[in-house]
Amino acid sequence: MNASGGVESPQIEASSGYPEMDAAALAAIVNFTYSPARNDYDEPVNTHGRYTFRFHP
């Protein structure tokens, strides 16, 4: 996650076992935006995060 509120370099940590679902998760996460973390000077900074997608039949 970057200081601009976007996601950089998303990765699949554990495959769902279905390549199409893994690809859908990656496609979704690159469109996420968020309020970036801030340092002690209230400046936006890069950070790491994890998001879990749960697929239901």
# chains A, B, ... in the order shown; residues from 1 in each chain; ligands from 1
$ select_by_dssp --residues "chain A" --states "strand (DSSP E or B)" --output "list in words"
Ala37, Arg38, Pro44 and Val45 of chain A
$ write_last_selection --atoms "N, CA, C and O atoms" --output "PDB file, in the first residue's frame"
ATOM      1  N   ALA A  37      -1.512   5.173   6.020  1.00  0.00           N
ATOM      2  CA  ALA A  37      -0.935   5.332   7.348  1.00  0.00           C
ATOM      3  C   ALA A  37      -0.168   6.652   7.389  1.00  0.00           C
ATOM      4  O   ALA A  37       0.238   7.180   6.359  1.00  0.00           O
ATOM      5  N   ARG A  38       0.019   7.161   8.597  1.00  0.00           N
ATOM      6  CA  ARG A  38       0.736   8.436   8.752  1.00  0.00           C
ATOM      7  C   ARG A  38       1.827   8.276   9.805  1.00  0.00           C
ATOM      8  O   ARG A  38       1.668   7.541  10.761  1.00  0.00           O
ATOM      9  N   PRO A  44       1.668  11.081   5.045  1.00  0.00           N
ATOM     10  CA  PRO A  44       1.297   9.743   4.575  1.00  0.00           C
ATOM     11  C   PRO A  44       2.543   8.926   4.231  1.00  0.00           C
ATOM     12  O   PRO A  44       3.517   9.461   3.695  1.00  0.00           O
ATOM     13  N   VAL A  45       2.520   7.650   4.577  1.00  0.00           N
ATOM     14  CA  VAL A  45       3.660   6.768   4.342  1.00  0.00           C
ATOM     15  C   VAL A  45       3.199   5.436   3.752  1.00  0.00           C
ATOM     16  O   VAL A  45       2.041   5.042   3.908  1.00  0.00           O
TER      17      VAL A  45
END
$ residues_around --residues "Tyr34 of chain A" --least-positions-apart "2" --cutoff "8 Å" --atoms "only C-alpha atoms" --output "number ranges by chain"
A: 5-6, 32, 36
$ residues_around --residues "Glu13 of chain A" --least-positions-apart "6" --cutoff "12 Å" --atoms "only C-alpha atoms" --output "JSON, numbers by chain"
{"A": [22, 25, 26, 49, 50, 51, 52, 53]}
$ atom_distance --atom1 "atom CA of His48 of chain A" --atom2 "atom CA of Pro10 of chain A"
10.2 Å
$ select_by_dssp --residues "chain A" --states "helix (DSSP H, G or I)" --output "PDB file with N, CA, C and O atoms, in the first residue's frame"
ATOM      1  N   PRO A  19      -7.400 -20.893 -10.331  1.00  0.00           N
ATOM      2  CA  PRO A  19      -6.690 -19.748 -10.921  1.00  0.00           C
ATOM      3  C   PRO A  19      -7.605 -18.571 -11.269  1.00  0.00           C
ATOM      4  O   PRO A  19      -7.216 -17.418 -11.120  1.00  0.00           O
ATOM      5  N   GLU A  20      -8.834 -18.846 -11.702  1.00  0.00           N
ATOM      6  CA  GLU A  20      -9.765 -17.765 -12.061  1.00  0.00           C
ATOM      7  C   GLU A  20     -10.135 -16.931 -10.827  1.00  0.00           C
ATOM      8  O   GLU A  20     -10.271 -15.717 -10.910  1.00  0.00           O
ATOM      9  N   MET A  21     -10.311 -17.591  -9.699  1.00  0.00           N
ATOM     10  CA  MET A  21     -10.655 -16.855  -8.473  1.00  0.00           C
ATOM     11  C   MET A  21      -9.455 -16.055  -7.969  1.00  0.00           C
ATOM     12  O   MET A  21      -9.620 -14.923  -7.502  1.00  0.00           O
ATOM     13  N   ASP A  22      -8.272 -16.638  -8.068  1.00  0.00           N
ATOM     14  CA  ASP A  22      -7.067 -15.906  -7.674  1.00  0.00           C
ATOM     15  C   ASP A  22      -6.910 -14.655  -8.536  1.00  0.00           C
ATOM     16  O   ASP A  22      -6.607 -13.574  -8.029  1.00  0.00           O
ATOM     17  N   ALA A  23      -7.138 -14.793  -9.832  1.00  0.00           N
ATOM     18  CA  ALA A  23      -7.033 -13.650 -10.747  1.00  0.00           C
ATOM     19  C   ALA A  23      -8.084 -12.597 -10.429  1.00  0.00           C
ATOM     20  O   ALA A  23      -7.814 -11.394 -10.482  1.00  0.00           O
ATOM     21  N   ALA A  24      -9.297 -13.027 -10.082  1.00  0.00           N
ATOM     22  CA  ALA A  24     -10.361 -12.083  -9.726  1.00  0.00           C
ATOM     23  C   ALA A  24     -10.007 -11.311  -8.455  1.00  0.00           C
ATOM     24  O   ALA A  24     -10.258 -10.105  -8.369  1.00  0.00           O
ATOM     25  N   ALA A  25      -9.415 -11.986  -7.497  1.00  0.00           N
ATOM     26  CA  ALA A  25      -9.005 -11.316  -6.254  1.00  0.00           C
ATOM     27  C   ALA A  25      -7.940 -10.263  -6.548  1.00  0.00           C
ATOM     28  O   ALA A  25      -8.007  -9.142  -6.031  1.00  0.00           O
ATOM     29  N   LEU A  26      -6.956 -10.612  -7.373  1.00  0.00           N
ATOM     30  CA  LEU A  26      -5.914  -9.636  -7.727  1.00  0.00           C
ATOM     31  C   LEU A  26      -6.498  -8.457  -8.485  1.00  0.00           C
ATOM     32  O   LEU A  26      -6.126  -7.310  -8.238  1.00  0.00           O
ATOM     33  N   ALA A  27      -7.418  -8.734  -9.403  1.00  0.00           N
ATOM     34  CA  ALA A  27      -8.040  -7.656 -10.180  1.00  0.00           C
ATOM     35  C   ALA A  27      -8.828  -6.719  -9.263  1.00  0.00           C
ATOM     36  O   ALA A  27      -8.838  -5.505  -9.472  1.00  0.00           O
ATOM     37  N   ALA A  28      -9.476  -7.270  -8.247  1.00  0.00           N
ATOM     38  CA  ALA A  28     -10.258  -6.445  -7.329  1.00  0.00           C
ATOM     39  C   ALA A  28      -9.364  -5.600  -6.430  1.00  0.00           C
ATOM     40  O   ALA A  28      -9.629  -4.410  -6.217  1.00  0.00           O
ATOM     41  N   ILE A  29      -8.312  -6.186  -5.909  1.00  0.00           N
ATOM     42  CA  ILE A  29      -7.487  -5.489  -4.917  1.00  0.00           C
ATOM     43  C   ILE A  29      -6.735  -4.293  -5.520  1.00  0.00           C
ATOM     44  O   ILE A  29      -6.516  -3.297  -4.842  1.00  0.00           O
TER      45      ILE A  29
END
$ atom_distance --atom1 "atom CA of Asn31 of chain A" --atom2 "atom CA of Ala3 of chain A"
15.1 Å
$ atom_distance --atom1 "atom CA of His56 of chain A" --atom2 "atom CA of Val7 of chain A"
24.5 Å
